[in-house]
file entry-v7.txt (compact mmCIF, C-alpha atoms)
# COMPACT_ATOMS: atom_id res chain seq x y z
CA MET A 146 32.16 -13.53 12.99
CA SER A 147 31.32 -9.89 12.69
CA SER A 148 27.85 -8.87 11.62
CA TRP A 149 29.14 -7.75 8.22
CA ARG A 150 30.85 -11.06 7.53
CA LYS A 151 27.67 -12.95 8.46
CA THR A 152 25.62 -10.74 6.17
CA TRP A 153 28.12 -11.30 3.40
CA ALA A 154 28.04 -15.07 3.99
CA LEU A 155 24.25 -15.01 3.56
CA ILE A 156 24.48 -12.99 0.36
CA ALA A 157 27.15 -15.40 -0.93
CA LYS A 158 24.78 -18.27 -0.17
CA ASP A 159 22.07 -16.72 -2.33
CA ILE A 160 24.52 -15.96 -5.12
CA ALA A 161 25.80 -19.56 -5.03
CA ILE A 162 22.25 -20.94 -5.26
CA GLU A 163 21.44 -18.56 -8.07
CA ARG A 164 24.63 -19.43 -9.94
CA ARG A 165 23.75 -23.10 -9.84
CA THR A 166 20.02 -22.95 -10.51
CA ARG A 167 19.64 -19.61 -12.40
CA GLU A 168 16.05 -19.79 -11.14
CA SER A 169 15.34 -16.14 -10.35
CA LEU A 170 17.32 -14.47 -13.12
CA ASN A 171 15.92 -16.69 -15.86
CA VAL A 172 12.34 -16.27 -14.71
CA MET A 173 12.67 -12.51 -14.27
CA PHE A 174 14.38 -12.04 -17.62
CA VAL A 175 11.93 -14.11 -19.67
CA PHE A 176 8.97 -12.63 -17.85
CA SER A 177 10.04 -9.01 -18.40
CA VAL A 178 10.66 -9.65 -22.07
CA MET A 179 7.19 -11.15 -22.26
CA VAL A 180 5.64 -8.12 -20.55
CA VAL A 181 7.44 -5.83 -22.98
CA VAL A 182 6.23 -7.85 -25.97
CA ILE A 183 2.64 -7.99 -24.69
CA LEU A 184 2.61 -4.25 -23.94
CA ASN A 185 3.88 -3.66 -27.46
CA PHE A 186 0.94 -5.57 -28.88
CA ALA A 187 -1.48 -3.84 -26.53
CA PHE A 188 -0.25 -0.31 -27.30
CA GLU A 189 0.46 -0.78 -30.99
CA LEU A 190 -3.25 -0.81 -31.71
CA ARG A 191 -3.99 2.70 -30.46
CA VAL A 192 -0.85 4.53 -29.41
CA GLU A 193 0.61 6.48 -32.30
CA ASN A 194 4.07 6.98 -30.91
CA ILE A 195 5.07 3.90 -28.93
CA ARG A 196 8.12 5.73 -27.57
CA GLN A 197 5.85 7.82 -25.37
CA VAL A 198 4.78 4.81 -23.33
CA ALA A 199 8.31 3.35 -23.09
CA PRO A 200 9.08 4.57 -19.51
CA GLY A 201 5.81 3.14 -18.18
CA ALA A 202 6.28 -0.13 -20.07
CA LEU A 203 9.81 -0.48 -18.72
CA TRP A 204 8.73 -0.06 -15.10
CA VAL A 205 5.69 -2.30 -15.45
CA ALA A 206 8.03 -5.01 -16.72
CA PHE A 207 10.51 -4.47 -13.87
CA ALA A 208 7.84 -4.33 -11.16
CA PHE A 209 6.11 -7.51 -12.31
CA ALA A 210 9.37 -9.37 -12.86
CA GLY A 211 10.55 -8.14 -9.45
CA VAL A 212 7.47 -9.67 -7.83
CA LEU A 213 8.33 -13.06 -9.38
CA GLY A 214 11.97 -12.87 -8.31
CA LEU A 215 11.10 -11.82 -4.77
CA ASN A 216 8.55 -14.62 -4.45
CA ARG A 217 11.09 -17.18 -5.63
CA SER A 218 13.77 -15.88 -3.29
CA LEU A 219 11.66 -16.05 -0.14
CA ALA A 220 9.80 -19.24 -1.10
CA ARG A 221 13.19 -20.93 -1.35
CA GLU A 222 13.89 -20.02 2.28
CA ARG A 223 10.59 -21.57 3.34
CA GLU A 224 10.65 -24.73 1.20
CA ASP A 225 13.89 -26.17 2.46
CA GLY A 226 13.39 -25.04 6.04
CA CYS A 227 16.25 -22.66 5.39
CA LEU A 228 14.73 -19.77 7.31
CA GLU A 229 14.29 -21.96 10.40
CA GLY A 230 17.93 -22.92 10.15
CA LEU A 231 18.92 -19.30 9.91
CA MET A 232 16.80 -18.46 12.96
CA LEU A 233 18.67 -21.10 14.97
CA ALA A 234 22.03 -19.78 13.83
CA PRO A 235 23.57 -16.99 15.91
CA ILE A 236 22.71 -14.30 13.38
CA ASP A 237 20.87 -11.07 13.95
CA ARG A 238 17.47 -10.92 12.28
CA SER A 239 18.34 -7.57 10.82
CA ALA A 240 21.43 -9.17 9.24
CA ILE A 241 19.13 -11.74 7.60
CA PHE A 242 17.00 -8.92 6.25
CA VAL A 243 19.97 -6.94 4.93
CA ALA A 244 21.36 -10.06 3.24
CA LYS A 245 18.08 -11.10 1.62
CA ALA A 246 17.26 -7.57 0.50
CA ALA A 247 20.78 -7.07 -0.91
CA ALA A 248 20.66 -10.39 -2.77
CA ASN A 249 17.23 -9.52 -4.18
CA LEU A 250 18.46 -6.08 -5.19
CA LEU A 251 21.39 -7.70 -6.97
CA PHE A 252 19.22 -10.20 -8.87
CA ILE A 253 16.58 -7.69 -9.90
CA LEU A 254 19.29 -5.27 -11.09
CA GLY A 255 20.87 -8.16 -12.97
CA ALA A 256 17.61 -8.98 -14.71
CA GLU A 257 17.10 -5.29 -15.53
CA ALA A 258 20.59 -5.10 -17.04
CA ILE A 259 19.81 -7.99 -19.40
CA VAL A 260 16.39 -6.60 -20.33
CA LEU A 261 17.63 -3.08 -21.20
CA PRO A 262 19.39 -3.94 -24.50
CA LEU A 263 16.41 -6.03 -25.63
CA PHE A 264 14.06 -3.23 -24.67
CA THR A 265 16.16 -0.83 -26.74
CA VAL A 266 15.73 -3.11 -29.75
CA LEU A 267 12.04 -3.92 -29.27
CA PHE A 268 10.82 -0.41 -28.42
CA GLY A 269 13.26 1.46 -30.57
CA VAL A 270 14.10 3.70 -27.61
CA ASN A 271 17.68 3.85 -26.41
CA VAL A 272 17.53 3.02 -22.69
CA LEU A 273 21.22 2.14 -22.49
CA ARG A 274 22.23 5.43 -20.91
CA ALA A 275 24.51 6.08 -17.97
CA ASP A 276 22.13 8.53 -16.27
CA LEU A 277 19.32 5.97 -16.30
CA ALA A 278 21.40 3.78 -13.98
CA VAL A 279 20.71 6.26 -11.16
CA VAL A 280 16.94 5.88 -11.58
CA LEU A 281 17.19 2.09 -11.90
CA LEU A 282 19.25 1.86 -8.73
CA LEU A 283 17.05 4.20 -6.66
CA GLY A 284 13.86 2.54 -7.91
CA THR A 285 15.06 -1.01 -7.37
CA VAL A 286 16.43 -0.37 -3.87
CA GLY A 287 12.97 0.55 -2.59
CA LEU A 288 11.28 -2.28 -4.46
CA ALA A 289 13.76 -4.86 -3.15
CA ALA A 290 13.58 -3.64 0.46
CA VAL A 291 9.84 -3.46 0.98
CA GLY A 292 9.42 -6.43 -1.39
CA THR A 293 11.70 -8.61 0.75
CA LEU A 294 9.66 -7.75 3.85
CA LEU A 295 6.29 -8.42 2.20
CA ALA A 296 7.49 -11.54 0.36
CA ALA A 297 8.68 -13.00 3.67
CA MET A 298 5.09 -12.65 4.91
CA ALA A 299 3.44 -13.84 1.69
CA ALA A 300 5.60 -16.98 1.63
CA HIS A 301 4.07 -18.09 4.94
CA THR A 302 0.40 -17.56 4.09
CA ARG A 303 -2.14 -19.95 2.63
CA ALA A 304 -2.35 -17.88 -0.56
CA ARG A 305 1.47 -18.01 -0.92
CA ASP A 306 2.89 -16.33 -4.02
CA VAL A 307 -0.44 -14.93 -5.14
CA LEU A 308 -0.52 -12.48 -2.27
CA LEU A 309 2.74 -10.62 -2.95
CA PRO A 310 1.64 -8.52 -5.94
CA ILE A 311 -1.53 -7.55 -4.05
CA LEU A 312 0.53 -6.38 -1.08
CA LEU A 313 3.55 -4.93 -2.87
CA LEU A 314 2.20 -3.10 -5.91
CA PRO A 315 -0.17 -0.67 -4.13
CA VAL A 316 2.57 0.22 -1.64
CA SER A 317 4.99 0.76 -4.54
CA VAL A 318 2.70 3.17 -6.40
CA PRO A 319 4.71 6.30 -5.48
CA LEU A 320 7.94 4.54 -6.37
CA LEU A 321 6.62 3.49 -9.76
CA ILE A 322 5.23 6.95 -10.54
CA ALA A 323 8.50 8.64 -9.62
CA ALA A 324 10.64 6.06 -11.44
CA ALA A 325 8.56 6.20 -14.61
CA LYS A 326 8.49 10.01 -14.54
CA ALA A 327 12.25 10.26 -13.98
CA THR A 328 12.90 7.72 -16.75
CA GLY A 329 10.64 9.67 -19.10
CA GLY A 330 12.46 12.91 -18.30
CA LEU A 331 15.84 11.35 -18.99
CA LEU A 332 14.63 9.88 -22.29
CA ASP A 333 13.35 13.34 -23.25
CA GLY A 334 16.86 14.62 -22.61
CA VAL A 335 16.25 16.95 -19.63
CA GLY A 336 19.16 15.39 -17.74
CA LEU A 337 19.46 14.34 -14.10
CA ALA A 338 19.05 17.92 -12.85
CA GLY A 339 15.76 18.16 -14.73
CA VAL A 340 14.28 15.20 -12.85
CA ALA A 341 15.80 16.08 -9.45
CA GLY A 342 12.33 16.29 -7.84
CA TRP A 343 11.44 12.75 -8.83
CA LEU A 344 14.85 11.48 -7.75
CA GLN A 345 14.29 13.11 -4.36
CA LEU A 346 10.92 11.41 -4.06
CA LEU A 347 12.53 8.07 -4.97
CA SER A 348 15.23 8.64 -2.36
CA ALA A 349 12.65 9.57 0.26
CA PHE A 350 10.69 6.39 -0.49
CA ASP A 351 13.91 4.35 -0.25
CA VAL A 352 15.00 5.86 3.07
CA LEU A 353 11.53 5.50 4.63
CA PHE A 354 10.88 1.94 3.48
CA VAL A 355 14.39 0.55 3.89
CA ALA A 356 14.29 1.79 7.49
CA ALA A 357 10.73 0.56 8.14
CA SER A 358 11.40 -2.85 6.55
CA TYR A 359 14.65 -3.19 8.49
CA VAL A 360 12.86 -2.54 11.78
CA LEU A 361 9.76 -4.64 10.99
CA PHE A 362 11.48 -7.72 9.48
CA GLY A 363 12.28 -9.06 12.95
CA TYR A 364 8.56 -9.29 13.72
CA VAL A 365 7.85 -11.17 10.50
CA VAL A 366 10.33 -13.99 11.06
CA GLU A 367 9.81 -14.24 14.82
CA GLU A 368 8.47 -17.68 15.77
CA MET B 107 -18.92 -6.63 28.98
CA ILE B 108 -22.10 -4.90 30.14
CA ALA B 109 -20.30 -1.56 30.33
CA ARG B 110 -19.04 -1.93 26.79
CA GLU B 111 -22.49 -2.82 25.48
CA ARG B 112 -23.97 0.19 27.21
CA ALA B 113 -21.27 2.47 25.79
CA GLY B 114 -21.86 0.99 22.34
CA LEU B 115 -25.60 1.61 22.55
CA ALA B 116 -25.09 5.17 23.79
CA LEU B 117 -22.65 5.90 20.98
CA ALA B 118 -24.95 4.37 18.38
CA GLY B 119 -27.87 6.49 19.65
CA LEU B 120 -25.77 9.65 19.71
CA SER B 121 -24.40 9.07 16.23
CA GLY B 122 -27.95 8.42 14.97
CA LEU B 123 -29.15 11.73 16.39
CA ALA B 124 -26.10 13.58 15.10
CA MET B 125 -26.61 12.01 11.68
CA LEU B 126 -30.21 13.29 11.56
CA ALA B 127 -28.96 16.75 12.47
CA ALA B 128 -26.25 16.48 9.82
CA ILE B 129 -28.77 15.53 7.15
CA TYR B 130 -30.96 18.49 8.11
CA MET B 131 -27.99 20.87 8.14
CA ALA B 132 -26.67 19.61 4.81
CA LEU B 133 -29.98 19.59 2.94
CA VAL B 134 -31.88 22.50 4.51
CA TYR B 135 -29.76 24.73 6.73
CA ALA B 136 -26.69 25.16 4.53
CA PRO B 137 -27.01 27.80 1.77
CA THR B 138 -26.97 26.67 -1.85
CA GLU B 139 -23.57 26.99 -3.48
CA ARG B 140 -23.28 29.55 -6.29
CA THR B 141 -21.80 27.58 -9.18
CA MET B 142 -22.63 23.97 -8.40
CA GLY B 143 -26.03 24.54 -6.83
CA ALA B 144 -27.65 21.80 -4.76
CA LEU B 145 -25.07 19.38 -6.11
CA GLN B 146 -22.49 20.75 -3.72
CA ARG B 147 -24.49 19.37 -0.74
CA ILE B 148 -22.88 15.97 -1.20
CA PHE B 149 -19.77 17.73 0.13
CA TYR B 150 -21.18 17.44 3.70
CA PHE B 151 -21.07 13.66 3.41
CA HIS B 152 -18.19 13.07 1.00
CA VAL B 153 -15.54 15.01 2.90
CA PRO B 154 -16.37 13.85 6.48
CA VAL B 155 -16.52 10.24 5.25
CA ALA B 156 -13.08 10.70 3.69
CA MET B 157 -11.65 12.19 6.87
CA VAL B 158 -13.20 9.44 8.98
CA ALA B 159 -11.68 6.80 6.68
CA PHE B 160 -8.25 8.34 7.26
CA VAL B 161 -8.89 8.49 11.01
CA ALA B 162 -9.85 4.79 10.96
CA PHE B 163 -6.66 3.85 9.09
CA GLY B 164 -4.74 5.99 11.56
CA VAL B 165 -6.31 4.07 14.44
CA ALA B 166 -5.31 0.82 12.71
CA PHE B 167 -1.74 2.16 12.39
CA VAL B 168 -1.48 3.09 16.07
CA ALA B 169 -3.08 -0.22 17.11
CA SER B 170 -0.61 -2.09 14.88
CA ILE B 171 2.31 -0.42 16.63
CA GLY B 172 0.58 -1.17 19.94
CA TYR B 173 0.40 -4.83 19.03
CA LEU B 174 4.03 -5.15 17.98
CA VAL B 175 5.18 -3.40 21.16
CA SER B 176 2.92 -5.24 23.63
CA ALA B 177 1.91 -8.45 21.79
CA GLU B 178 -1.54 -8.09 23.40
CA GLN B 179 -4.43 -9.57 21.43
CA ARG B 180 -6.76 -6.64 22.04
CA TRP B 181 -4.53 -4.31 19.99
CA ASP B 182 -4.81 -6.70 17.09
CA GLY B 183 -8.60 -6.77 17.45
CA LEU B 184 -8.68 -2.98 17.39
CA ALA B 185 -6.39 -2.79 14.34
CA HIS B 186 -8.49 -5.34 12.46
CA SER B 187 -11.75 -3.56 13.32
CA ALA B 188 -10.42 -0.14 12.40
CA ALA B 189 -8.95 -1.33 9.09
CA GLU B 190 -12.20 -3.05 8.16
CA ILE B 191 -14.34 -0.01 9.00
CA GLY B 192 -11.81 2.25 7.25
CA GLU B 193 -12.15 0.12 4.14
CA VAL B 194 -15.95 0.53 4.21
CA PHE B 195 -15.61 4.31 4.58
CA ALA B 196 -12.97 4.41 1.82
CA SER B 197 -15.41 2.59 -0.47
CA LEU B 198 -18.06 5.21 0.40
CA VAL B 199 -15.60 8.02 -0.38
CA LEU B 200 -14.89 6.53 -3.78
CA LEU B 201 -18.59 6.06 -4.52
CA THR B 202 -19.70 9.54 -3.41
CA GLY B 203 -16.64 10.99 -5.13
CA MET B 204 -17.54 9.30 -8.39
CA LEU B 205 -21.13 10.54 -8.20
CA TRP B 206 -19.96 14.08 -7.54
CA ALA B 207 -17.26 13.93 -10.21
CA ARG B 208 -19.78 12.72 -12.78
CA ALA B 209 -22.08 15.64 -12.07
CA ALA B 210 -19.45 18.37 -11.57
CA TRP B 211 -16.60 17.40 -13.91
CA ASN B 212 -18.67 15.27 -16.31
CA THR B 213 -16.56 12.19 -15.72
CA TRP B 214 -16.88 9.27 -13.30
CA TRP B 215 -13.23 9.24 -12.55
CA THR B 216 -10.22 11.55 -12.70
CA TRP B 217 -6.69 10.69 -11.66
CA ASP B 218 -6.61 13.48 -9.13
CA PRO B 219 -4.31 13.22 -6.06
CA ARG B 220 -6.98 12.78 -3.42
CA LEU B 221 -9.13 10.41 -5.43
CA THR B 222 -6.14 8.37 -6.52
CA THR B 223 -4.63 8.32 -3.03
CA THR B 224 -7.94 7.03 -1.68
CA LEU B 225 -8.02 4.34 -4.36
CA VAL B 226 -4.45 3.27 -3.60
CA LEU B 227 -5.30 3.22 0.13
CA TRP B 228 -8.37 1.15 -0.64
CA LEU B 229 -6.12 -1.34 -2.47
CA ILE B 230 -3.56 -1.43 0.35
CA TYR B 231 -6.21 -2.21 2.98
CA ALA B 232 -7.94 -4.70 0.67
CA GLY B 233 -4.54 -6.43 0.67
CA TYR B 234 -4.47 -6.10 4.47
CA LEU B 235 -7.81 -7.89 4.83
CA MET B 236 -6.75 -10.57 2.32
CA LEU B 237 -3.50 -11.10 4.21
CA ARG B 238 -5.47 -11.57 7.43
CA SER B 239 -7.79 -14.11 5.87
CA SER B 240 -4.97 -16.22 4.47
CA VAL B 241 -3.02 -16.75 7.70
CA GLU B 242 -4.43 -19.35 10.07
CA ASP B 243 -2.12 -19.09 13.06
CA GLU B 244 -3.47 -16.30 15.29
CA MET B 245 -0.17 -14.93 16.53
CA ARG B 246 1.34 -14.93 13.08
CA ARG B 247 -1.74 -13.32 11.58
CA ALA B 248 -1.61 -10.56 14.15
CA ARG B 249 2.10 -9.92 13.55
CA TYR B 250 1.84 -9.91 9.76
CA ALA B 251 -1.23 -7.68 9.83
CA ALA B 252 0.50 -5.24 12.19
CA VAL B 253 3.53 -5.03 9.90
CA LEU B 254 1.34 -4.30 6.88
CA GLY B 255 -0.80 -1.88 8.92
CA ILE B 256 2.35 0.14 9.62
CA ILE B 257 3.84 -0.07 6.10
CA GLY B 258 0.50 0.82 4.50
CA PHE B 259 -0.08 3.92 6.61
CA LEU B 260 3.51 5.14 6.23
CA ASP B 261 2.86 5.03 2.50
CA VAL B 262 -0.08 7.46 2.62
CA PRO B 263 1.87 10.76 2.59
CA VAL B 264 4.32 9.44 -0.03
CA VAL B 265 1.49 8.29 -2.30
CA PHE B 266 -0.19 11.65 -1.90
CA MET B 267 2.97 13.61 -2.69
CA ALA B 268 3.75 11.46 -5.72
CA ILE B 269 0.28 11.84 -7.18
CA ARG B 270 0.04 15.53 -6.33
CA TRP B 271 3.17 16.22 -8.39
CA TRP B 272 1.78 14.01 -11.07
CA ARG B 273 -1.48 15.95 -11.58
CA THR B 274 -4.29 17.79 -9.82
CA ILE B 275 -7.76 19.28 -10.47
CA HIS B 276 -9.43 18.68 -7.08
CA PRO B 277 -10.72 21.86 -5.41
CA VAL B 278 -8.76 22.77 -2.30
CA VAL B 279 -11.27 23.75 0.38
CA PHE B 280 -9.07 23.53 3.45
CA GLU B 281 -5.77 25.35 3.12
CA ALA B 282 -3.06 26.12 5.63
CA SER B 283 -4.00 29.80 5.33
CA GLY B 284 -7.68 29.26 6.13
CA VAL B 285 -10.94 27.70 5.04
CA ASN B 286 -12.61 28.66 1.74
CA LEU B 287 -16.11 28.12 3.08
CA GLU B 288 -19.17 30.20 4.04
CA PRO B 289 -19.74 30.21 7.86
CA ALA B 290 -23.13 28.44 7.59
CA MET B 291 -21.57 25.84 5.33
CA LEU B 292 -18.74 25.37 7.79
CA THR B 293 -21.26 24.81 10.61
CA ALA B 294 -23.11 22.20 8.55
CA PHE B 295 -19.79 20.58 7.70
CA MET B 296 -18.68 20.44 11.34
CA VAL B 297 -21.99 18.84 12.38
CA ALA B 298 -21.57 16.20 9.66
CA MET B 299 -17.97 15.67 10.76
CA VAL B 300 -19.06 15.07 14.37
CA ALA B 301 -21.85 12.76 13.21
CA PHE B 302 -19.48 10.60 11.18
CA LEU B 303 -16.83 10.54 13.92
CA LEU B 304 -19.52 9.35 16.36
CA LEU B 305 -20.56 6.72 13.81
CA LEU B 306 -16.94 5.58 13.54
CA ALA B 307 -16.70 5.32 17.33
CA ALA B 308 -19.98 3.39 17.54
CA LEU B 309 -18.91 0.99 14.78
CA LEU B 310 -15.49 0.51 16.36
CA VAL B 311 -16.94 -0.32 19.76
CA ALA B 312 -19.39 -2.78 18.19
CA ARG B 313 -16.74 -4.37 15.98
CA VAL B 314 -14.17 -4.72 18.76
CA GLY B 315 -16.92 -6.23 20.94
CA LEU B 316 -17.66 -8.72 18.18
CA GLU B 317 -13.96 -9.56 17.98
CA SER B 318 -13.73 -10.33 21.67
CA LEU B 319 -16.97 -12.37 21.55
CA ALA B 320 -15.50 -14.42 18.71
CA GLU B 321 -12.41 -14.99 20.81
CA GLU B 322 -14.52 -16.11 23.74
CA VAL B 323 -16.49 -18.52 21.54
CA GLU B 324 -13.22 -19.95 20.24
CA PHE B 325 -11.95 -20.38 23.79
CA LEU B 326 -15.17 -22.14 24.90
CA ARG B 327 -15.14 -24.34 21.80
CA ARG B 328 -11.63 -25.50 22.60
CA ARG B 329 -12.61 -26.28 26.19
CA VAL B 330 -15.54 -28.43 25.06
CA GLN B 331 -13.41 -30.45 22.65

call {"tool": "encode", "arguments": {"input": "entry-v7.txt", "output": "structure tokens"}}
result
Amino acid sequence: MSSWRKTWALIAKDIAIERRTRESLNVMFVFSVMVVVILNFAFELRVENIRQVAPGALWVAFAFAGVLGLNRSLAREREDGCLEGLMLAPIDRSAIFVAKAAANLLFILGAEAIVLPLFTVLFGVNVLRADLAVVLLLGTVGLAAVGTLLAAMAAHTRARDVLLPILLLPVSVPLLIAAAKATGGLLDGVGLAGVAGWLQLLSAFDVLFVAASYVLFGYVVEE
Amino acid sequence: MIARERAGLALAGLSGLAMLAAIYMALVYAPTERTMGALQRIFYFHVPVAMVAFVAFGVAFVASIGYLVSAEQRWDGLAHSAAEIGEVFASLVLLTGMLWARAAWNTWWTWDPRLTTTLVLWLIYAGYLMLRSSVEDEMRRARYAAVLGIIGFLDVPVVFMAIRWWRTIHPVVFEASGVNLEPAMLTAFMVAMVAFLLLLAALLVARVGLESLAEEVEFLRRRVQ
């Protein structure tokens, strides 16, 4: 089998598991809605125009939900001894990384797609815009890549799931700033050209951390 | 072992002397700044401590790469020591920065690029130390820590860029075009810089020595059992 077909087989495996259990998507969806609701309560008390905090609220919800989804995805590999099986199979470690990261990207994007209409209703801000898809994609690629790497480590520590947000969120600070800023710009109607700087920063983060995670993943799963 | 101890003692003595000189230079020798007055003297500690924290994290980064390339335990010991010392210095930067900010800008905290970058760095390396303490297997701990040591340091310039675009009020003393500093102030600053670099070296030697002693104890303990 070629490397691409193996990678695809691994992605298909994750999709099949997700289709049957709906574990990650359900958890991520319900959790992001909850974050949005709680932020609404929290802001409502003092913030006069809730629309102003919408971009930040959206990305807080996605980042936190992403952490849950990533934890689930990599914990599943550990629990059933799946990762050990994969290590024994004649598959490149980088192919395992690409497959896991791609599957995580897919699931987080899926959860985001379901949250967006609800967010539009709850916040009264229309986030169902074509240009926002660019920001969502660029932001989620970086989160999924470095998140897959760090979740693979967190899954094999004593602290388990608790450790991932502590490792992932500080590293994702530039990504979250750029994503929230770009989202805010688009909602203000400046267009993609108006937020080009933030999109470049997002792309730079993606390139740097996709490459670094790709190279480093082999050391994480090495036994 | 003996050679290392002697080097450690020499470094500790040197850094102690340099620190005394730095205190004298900062408090007595350096002229009083025009707008901020004596308040500005914290600069001679705040800035070198910040630079030394970055140097320490840089050492941890290089040692992390060294470990992944060679798989030798001593690289891991160096990375751990440097990250731990860097975290202490980063805490000092935040504390001295808050004191200075309170007096100069009338606020304990501002979301300025350098301050915020330091805080994010502090969080990343707090995560690094927590990761280390929650992995029991030595080899695995070393590998995981090295991976995070690399990811965390790669993040520094990106964090800084992101926050710089976001907002800034921090004074820029060192620019590409030159230094905005009186010569006597620069001298005092350089002395403080040397003092803190020597302190970093002394702490690193002591901490790495401690690491290898702990390893030896572990080895002996296993042999007795």

call {"tool": "closest_atom_pairs", "arguments": {"input": "entry-v7.txt", "of": "chain B", "to": "chain A", "cutoff": "12 Å", "atoms": "all atoms listed in the file", "output": "tab-separated table"}}
result
residue	atom	partner	partner_atom	distance
B:Ser170	CA	A:Leu361	CA	11.4
B:Ile171	CA	A:Leu361	CA	10.3
B:Tyr173	CA	A:Tyr364	CA	10.7
B:Leu174	CA	A:Tyr364	CA	7.5
B:Val175	CA	A:Tyr364	CA	10.1
B:Ala177	CA	A:Tyr364	CA	10.5
B:Pro219	CA	A:Pro319	CA	11.4
B:Thr222	CA	A:Val318	CA	10.3
B:Thr223	CA	A:Val318	CA	9.6
B:Thr224	CA	A:Pro315	CA	11.2
B:Leu225	CA	A:Pro315	CA	9.3
B:Val226	CA	A:Pro315	CA	5.8
B:Leu227	CA	A:Pro315	CA	7.7
B:Trp228	CA	A:Pro315	CA	9.1
B:Leu229	CA	A:Pro315	CA	6.2
B:Ile230	CA	A:Pro315	CA	5.7
B:Tyr231	CA	A:Leu312	CA	8.9
B:Ala232	CA	A:Ile311	CA	8.5
B:Gly233	CA	A:Leu312	CA	5.4
B:Tyr234	CA	A:Leu312	CA	7.5
B:Leu235	CA	A:Leu312	CA	10.3
B:Met236	CA	A:Leu308	CA	8.0
B:Leu237	CA	A:Leu308	CA	7.3
B:Arg238	CA	A:Thr302	CA	9.0
B:Ser239	CA	A:Arg303	CA	8.7
B:Ser240	CA	A:Arg303	CA	5.0
B:Val241	CA	A:Thr302	CA	5.0
B:Glu242	CA	A:Arg303	CA	7.8
B:Asp243	CA	A:Thr302	CA	9.4
B:Glu244	CA	A:Thr302	CA	11.9
B:Met245	CA	A:Glu368	CA	9.1
B:Arg246	CA	A:Val365	CA	7.9
B:Arg247	CA	A:Thr302	CA	8.9
B:Ala248	CA	A:Val365	CA	10.2
B:Arg249	CA	A:Tyr364	CA	6.5
B:Tyr250	CA	A:Val365	CA	6.2
B:Ala251	CA	A:Met298	CA	9.4
B:Ala252	CA	A:Tyr364	CA	9.1
B:Val253	CA	A:Leu361	CA	6.3
B:Leu254	CA	A:Leu295	CA	8.0
B:Gly255	CA	A:Leu312	CA	11.0
B:Ile256	CA	A:Ala357	CA	8.5
B:Ile257	CA	A:Ala357	CA	7.2
B:Gly258	CA	A:Val316	CA	6.5
B:Phe259	CA	A:Val316	CA	9.4
B:Leu260	CA	A:Leu353	CA	8.2
B:Asp261	CA	A:Val316	CA	6.4
B:Val262	CA	A:Val316	CA	8.8
B:Pro263	CA	A:Pro319	CA	9.6
B:Val264	CA	A:Pro319	CA	6.3
B:Val265	CA	A:Pro319	CA	4.9
B:Phe266	CA	A:Pro319	CA	8.1
B:Met267	CA	A:Pro319	CA	8.0
B:Ala268	CA	A:Pro319	CA	5.3
B:Ile269	CA	A:Pro319	CA	7.3
B:Arg270	CA	A:Pro319	CA	10.4
B:Trp271	CA	A:Trp343	CA	9.0
B:Trp272	CA	A:Ile322	CA	7.9
B:Arg273	CA	A:Ile322	CA	11.3

call {"tool": "atom_distance", "arguments": {"input": "entry-v7.txt", "atom1": "atom CA of A:Gly329", "atom2": "atom CA of A:Val198"}}
result
8.7 Å

call {"tool": "closest_residue", "arguments": {"input": "entry-v7.txt", "among": "A:Val182, A:Ile241, A:Ile162, A:Val212", "to": "A:Arg150", "atoms": "all atoms listed in the file"}}
result
A:Ile241

call {"tool": "atom_distance", "arguments": {"input": "entry-v7.txt", "atom1": "atom CA of B:Gly119", "atom2": "atom CA of B:Gly315"}}
result
16.8 Å

call {"tool": "atom_distance", "arguments": {"input": "entry-v7.txt", "atom1": "atom CA of A:Ala248", "atom2": "atom CA of A:Thr265"}}
result
26.2 Å

call {"tool": "residues_around", "arguments": {"input": "entry-v7.txt", "residues": "B:Gly122", "least_positions_apart": "5", "cutoff": "12 Å", "atoms": "all atoms listed in the file", "output": "mmCIF file with C-alpha atoms, keeping the file's coordinate frame"}}
result
data_model
loop_
_atom_site.group_PDB
_atom_site.id
_atom_site.type_symbol
_atom_site.label_atom_id
_atom_site.label_comp_id
_atom_site.auth_asym_id
_atom_site.auth_seq_id
_atom_site.Cartn_x
_atom_site.Cartn_y
_atom_site.Cartn_z
ATOM 1 C CA LEU B 115 -25.600 1.610 22.550
ATOM 2 C CA ALA B 116 -25.090 5.170 23.790
ATOM 3 C CA LEU B 117 -22.650 5.900 20.980
ATOM 4 C CA ALA B 127 -28.960 16.750 12.470
ATOM 5 C CA ALA B 128 -26.250 16.480 9.820
ATOM 6 C CA ILE B 129 -28.770 15.530 7.150
ATOM 7 C CA ALA B 298 -21.570 16.200 9.660
ATOM 8 C CA VAL B 300 -19.060 15.070 14.370
ATOM 9 C CA ALA B 301 -21.850 12.760 13.210
ATOM 10 C CA PHE B 302 -19.480 10.600 11.180
ATOM 11 C CA LEU B 303 -16.830 10.540 13.920
ATOM 12 C CA LEU B 304 -19.520 9.350 16.360
ATOM 13 C CA LEU B 305 -20.560 6.720 13.810
ATOM 14 C CA LEU B 306 -16.940 5.580 13.540
ATOM 15 C CA ALA B 307 -16.700 5.320 17.330
ATOM 16 C CA ALA B 308 -19.980 3.390 17.540
ATOM 17 C CA LEU B 309 -18.910 0.990 14.780
#

call {"tool": "closest_residue", "arguments": {"input": "entry-v7.txt", "among": "A:Gln197, A:Asn249, A:Ser239, A:Asn171", "to": "A:Ile156", "atoms": "only C-alpha atoms"}}
result
A:Asn249

call {"tool": "residues_around", "arguments": {"input": "entry-v7.txt", "residues": "stretch 183-186 of chain A", "least_positions_apart": "2", "cutoff": "8 Å", "atoms": "all atoms listed in the file", "output": "list in words"}}
result
Met179, Val180, Val181, Phe188, Glu189, Leu190, Ile195, Ala202 and Phe268 of chain A
